[in-house]
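Scroll down for the structure; my scribbles are underneath it.
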Amino acid sequence: MAKRERTDRVALVTGASRGVGKGVAIGLGESGTTVYVTGRSEQEALGRPGTIHATARAVYAAGGQGVAVRCDHTSEEDVRRLFGQIERDHGRLDILVNNAWGGYENMVENGVYTYDDPFWEQPLWRWDAMFTSGVRCAYLASQYAAPLMVQRKAGLIVNISYWAAQTYLNNVAYGVAKTATDRLSRDMAHELRRHSVAVVSLYPGLVRTESVMAAAGFFNLANSESPQFIGRVIGALASDSHLLRKSGQALVAATVARELDVTDIDGTQPTPLALDTLGSVYAS
């Protein structure tokens with residue numbers, strides 16, 4: 001892997017108590033980035049390990065500065081206060097990673113797994129959560145991040161997305177929400193390009209999050225990615241001299257890693273998934 005340069009960048013990662021968000025924060029911290037770690041989890045709850053404070057400590061251990069801020073990203077007042085703090089502390093924001101998402105709560109209802117049910121049998125709250133705690137959160141955070149980036153004519157907004165935007169993956173609401181996320185990236189990029197601010201959607205592969213590892217028997221982990229891998233890729237993207245050429249696109253993290261010489265924590269470069277290889281992540 002190319003040597004990761006130490007930076008004085010300031011980043012915000014939403015929904016970073018656990019999972020991909022936590023890994024992104026740590027991966028960015030490896031290069032010395034100051035990372036604002038946000039979410040609602042200040043104490044661990046049954047079945048939901050991880051807190052914003054634990055992630056902030058992990059960012060510090062990785063070499064960065066972790067700043068834990070409790071923020072409900074569905075609340076405009078919370079988001080306004082968060083960005084006010086970032087502006088007071090640093091006067092700028094270099095990277096925004098919109099990772100916060102909803103709709104995965106209670107996949108099992110009354111003892112029955114309902115997430116893969118046909119759309120007409122789905123609870124409406126799941127659709128609302130995908131858009132309110134997912135797409136809307138990304139839009140709202142980006143509204144507050146954009147002015148900080150426009151004034152400096154530099155910055156990167158990353159919307160964590162997935163292949164559900166390209167093909168059917170067992171849940172209509174999820175597919176529509178991820179398609180909206182990709183369109184959000186494309187259209188925001190169009191308006192921000194003249195200000196030299198880039199926006200991309202980024203597709204992880206199979207990430208070894210806490211929930212994936214808890215169900216490891218259902219997955220083929222041979223080509224999986226650590227959560228930190230995504231953060232390393234985002235850090236490399238932010239340093240890419242050709243970043244604006246990628247703005248508006250939906251990028252596969254493993255493909256970007258090969259282009260920019262980024263490796264995972266074990267020194268490997270995962271094989272990029274494609275539409276015809278998505279099924280390979282499931283154990284046979």
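In the structure tokens, the first chain shown is A, the next is B, and so on; residue numbers restart at 1 for each chain, and ligands run from 1 in the order shown.
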If you run DSSP on this backbone, which residues of stretch 141-250 of chain A come out as alpha helix (DSSP H), and could you give them as a ChimeraX atom specification? /A:141-150,172-192,210-214,227-239,243-246
Tell me which protein, DNA and RNA residues are within 8 Å of A:Val252, counting only C-alpha atoms, leaving out same-chain ones fewer than 3 positions away, and put them as a ChimeraX atom specification. /A:202-205,255-256,272-273
Go ahead and save the residues from that selection, with C-alpha atoms, as a PDB file, in the first residue's frame.
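Saved to selection.pdb:
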ATOM      1  CA  LEU A 202     -19.429   4.533  -2.040  1.00  0.00           C
ATOM      2  CA  TYR A 203     -20.308   0.828  -2.094  1.00  0.00           C
ATOM      3  CA  PRO A 204     -18.633  -1.391   0.500  1.00  0.00           C
ATOM      4  CA  GLY A 205     -18.242  -5.108  -0.094  1.00  0.00           C
ATOM      5  CA  THR A 255     -12.143  -0.791  -7.054  1.00  0.00           C
ATOM      6  CA  VAL A 256     -11.022   2.588  -5.717  1.00  0.00           C
ATOM      7  CA  PRO A 272     -14.350  -5.742  -6.077  1.00  0.00           C
ATOM      8  CA  LEU A 273     -17.878  -7.106  -6.129  1.00  0.00           C
TER       9      LEU A 273
END
Which polymer residues have any atom within 7 Å of an atom of stretch 148-157 of chain A, counting only C-alpha atoms, with same-chain residues fewer than 2 positions away left out, as a PDB file with C-alpha atoms, in the first residue's frame?
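This went into out_3.pdb:
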ATOM      1  CA  ARG A  92     -13.786  24.097   8.381  1.00  0.00           C
ATOM      2  CA  LEU A  93     -14.840  20.568   7.446  1.00  0.00           C
ATOM      3  CA  ASP A  94     -12.858  18.560   4.914  1.00  0.00           C
ATOM      4  CA  ILE A  95     -14.775  15.268   4.810  1.00  0.00           C
ATOM      5  CA  LEU A  96     -18.378  14.355   5.558  1.00  0.00           C
ATOM      6  CA  VAL A  97     -19.296  10.668   5.585  1.00  0.00           C
ATOM      7  CA  ALA A 145     -21.508  20.760   5.490  1.00  0.00           C
ATOM      8  CA  ALA A 146     -21.655  22.358   2.055  1.00  0.00           C
ATOM      9  CA  ASN A 159     -22.740   8.873   0.948  1.00  0.00           C
ATOM     10  CA  HIS A 195     -17.000  25.102  -5.974  1.00  0.00           C
ATOM     11  CA  SER A 196     -14.436  22.266  -6.254  1.00  0.00           C
ATOM     12  CA  VAL A 197     -16.343  20.136  -3.754  1.00  0.00           C
ATOM     13  CA  ALA A 198     -16.798  16.458  -4.633  1.00  0.00           C
ATOM     14  CA  VAL A 199     -19.675  14.127  -3.766  1.00  0.00           C
ATOM     15  CA  VAL A 200     -19.671  10.368  -4.309  1.00  0.00           C
ATOM     16  CA  ALA A 238      -9.806  12.859  -0.241  1.00  0.00           C
TER      17      ALA A 238
END
Q | A:Gly19, A:Gly102, A:Gly279, A:Pro227 ranked by distance to A:Gly50, top pick (using only C-alpha atoms) | A |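 Once distances to A:Gly50 are computed over only C-alpha atoms, the minimum belongs to A:Gly19.
For the residues A:Leu124, A:Ala54, A:Leu206, A:Met213, ranking by smallest atom-to-atom distance to A:Tyr162 using only C-alpha atoms places A:Leu206 first.
Relative to atom CA of A:Asn98, atom CA of A:Thr34 is found at 16.3 Å.
For the atom pair formed by atom CA of A:Gly66 and atom CA of A:Glu225, the distance is 22.6 Å, given to one decimal.
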Atom CA of A:Asp261 to atom CA of A:Ala164 measures 26.6 Å
